[in-house]
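Participant: First the structure, then my questions, so here it is.
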Amino acid sequence: MPEMPEVETIVQALKRRIVGETVADVVVEWPRSIALLSPAEFSRRVVGRSVTRVTRRGKFTIIRLAPPKLLVVHLGMTGRLLIDEATEPNATAGASQDAYTRVAIRFVSGKALRFRDVRKFGRIYLVDGACEIPLLRDLGPEPLSDTFRPQTLRELLRRHRRQIKPLLLDQRILAGLGNIYVDESLWQAGIHPRTLSRALSTDEANGLYRAIRKVLRQAIQNRGTTIRDYRDPQDEPGENQGALSVYRLEGQECRRCGHVICRTIVAGRSTHYCPACQPLQSTNYAMTADR
DNA sequence: CAATCAACCTGGGTGC
DNA sequence: TGCACCCAGGTTGATT
């Protein structure tokens, strides 16, 4: 569910609200939400540590603790990180927890960081370094970093013989894009999702570079896209859903050319595009019948 | 190497 | 109301 702009929004909020807090207590309601460690071991190692900074890498939220340790969260499809403000000293603990809270980290101040995850695909890790988490270790470049240049993308596209959509969804190639922003970026760039990455011209690759950055920046500015589940740490939805051009808009008219937006399956994922704005060149041979 | 699909989970929406 | 079926912002591992 949450892609990079949603995670970025969450991280900005957590920075303001939990840096400096010290962990008093951990409640694990669903043990499998904790990766690698037993709930007891996880709790034992987290209690007493304090939060020194909060950062992001791809779709991972990274909470740095002292003494040094990384609390890393991947939200999966429906994960949320919610801040519960301190309640009255003798309010009943746990009373505010809903049925989908999987882990609650309570701070000495009375505030709490709550991991809520309906579908249970999210994971929380406690590690010494990013290298202990395979996906985090192998993450591709950050699309909004200064060191990610048009040439960086051109080289990535040239290195593989794959359809562009699954390539962009692959976190080892580029970090942070998910189903929404890949569809939006490809529409913005006028590229069909099944186009072979190696068949893209220099101009098309440069256009895709600009499209990805524009789409992500706008989504961050709009505090993320809420289709259904996404909420920031204060339980507020994002506002980017109104800025989408194709995602989940099948049957509606393309805002650029007026043709009807199509939905199909690519890489096993629902895929939205405008067949007029995003034509599939015959030279880029699609393996499967289109649409 | 690349594509597909099932699996991990739960709930919401739709059609009969 | 009930029920079957499809769908969902992700990732992984087996299979073709």
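Residues are referred to by chain and number: the chain letter is A, B, ... according to the order shown in the structure tokens, the number counts from 1 in that chain, and ligands are numbered separately from 1 in the order shown.
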Could you list, as a ChimeraX atom specification, the residues of chain A having an atom within 8 Å of chain B when counting only C-alpha atoms (C1' of nucleotides)?
Facilitator: /A:118-121,161-162,267-268
Participant: The selected residues should be written to file as an mmCIF file, in the first residue's frame (atoms: C-alpha atoms).
Facilitator:
data_model
loop_
_atom_site.group_PDB
_atom_site.id
_atom_site.type_symbol
_atom_site.label_atom_id
_atom_site.label_comp_id
_atom_site.auth_asym_id
_atom_site.auth_seq_id
_atom_site.Cartn_x
_atom_site.Cartn_y
_atom_site.Cartn_z
ATOM 1 C CA VAL A 118 -4.934 -5.299 8.795
ATOM 2 C CA ARG A 119 -3.402 -7.742 6.325
ATOM 3 C CA LYS A 120 -0.327 -8.630 8.397
ATOM 4 C CA PHE A 121 2.132 -8.290 5.500
ATOM 5 C CA ARG A 161 15.845 -7.012 -21.108
ATOM 6 C CA ARG A 162 12.559 -6.621 -19.261
ATOM 7 C CA ALA A 267 3.536 -8.362 -13.955
ATOM 8 C CA GLY A 268 0.524 -9.805 -12.160
#
Participant: Which residues of chain A come within 7 Å of chain C, and for each one, what is the closest pair of atoms and their distance in Å to one decimal, counting only C-alpha atoms (C1' of nucleotides), sorted by chain and residue number, as a tab-separated table?
Facilitator:
residue	atom	partner	partner_atom	distance
A:Met1	CA	C:DG9	C1'	2.6
A:Pro2	CA	C:DG9	C1'	4.6
A:Glu3	CA	C:DG9	C1'	5.9
A:Gly76	CA	C:DG10	C1'	5.1
A:Met77	CA	C:DG10	C1'	5.7
A:Gly178	CA	C:DG9	C1'	6.6
A:Asn179	CA	C:DG9	C1'	6.5
A:Ile180	CA	C:DG9	C1'	6.4
Participant: Considering only strand (DSSP E or B) as DSSP defines it on the backbone, what residues of region 11-200 of chain A qualify? List them as a ChimeraX atom specification.
Facilitator: /A:22-28,34,50-57,60-66,69-74,79-84,101-107,112-117,123-127,163,196
Participant: To one decimal in Å, tell me the separation between CA of His160 (chain A) and CA of Ser197 (chain A).
Facilitator: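 Interatomic distance, CA of His160 (chain A) to CA of Ser197 (chain A): 7.1 Å.
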Participant: Give the alpha helix (DSSP H) residues of region 188-282 of chain A, as DSSP finds them on the backbone, and put them as a list in words.
Facilitator: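 Going through region 188-282 of chain A, the alpha helix (DSSP H) residues come out as Gln188, Ala189, Thr202, Asp203, Glu204, Ala205, Asn206, Gly207, Leu208, Tyr209, Arg210, Ala211, Ile212, Arg213, Lys214, Val215, Leu216, Arg217, Gln218, Ala219, Ile220 and Gln221 of chain A.
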Participant: Next, write the just-selected residues to a file, as an mmCIF file, in the first residue's frame, keeping C-alpha atoms as the atom set.
Facilitator:
data_model
loop_
_atom_site.group_PDB
_atom_site.id
_atom_site.type_symbol
_atom_site.label_atom_id
_atom_site.label_comp_id
_atom_site.auth_asym_id
_atom_site.auth_seq_id
_atom_site.Cartn_x
_atom_site.Cartn_y
_atom_site.Cartn_z
ATOM 1 C CA GLN A 188 3.292 11.090 -17.600
ATOM 2 C CA ALA A 189 6.121 9.913 -19.858
ATOM 3 C CA THR A 202 17.458 8.404 -24.993
ATOM 4 C CA ASP A 203 14.685 10.976 -25.225
ATOM 5 C CA GLU A 204 12.102 8.565 -23.862
ATOM 6 C CA ALA A 205 14.388 7.544 -20.996
ATOM 7 C CA ASN A 206 15.057 11.187 -20.143
ATOM 8 C CA GLY A 207 11.321 11.847 -20.248
ATOM 9 C CA LEU A 208 10.737 8.911 -17.914
ATOM 10 C CA TYR A 209 13.347 10.291 -15.529
ATOM 11 C CA ARG A 210 11.533 13.633 -15.383
ATOM 12 C CA ALA A 211 8.154 11.904 -15.073
ATOM 13 C CA ILE A 212 9.198 9.759 -12.108
ATOM 14 C CA ARG A 213 10.610 12.739 -10.227
ATOM 15 C CA LYS A 214 7.633 14.949 -10.991
ATOM 16 C CA VAL A 215 5.104 12.309 -9.936
ATOM 17 C CA LEU A 216 6.940 11.499 -6.692
ATOM 18 C CA ARG A 217 7.530 15.143 -5.753
ATOM 19 C CA GLN A 218 3.901 16.005 -6.306
ATOM 20 C CA ALA A 219 2.744 13.007 -4.266
ATOM 21 C CA ILE A 220 5.009 13.992 -1.371
ATOM 22 C CA GLN A 221 3.729 17.548 -1.565
#
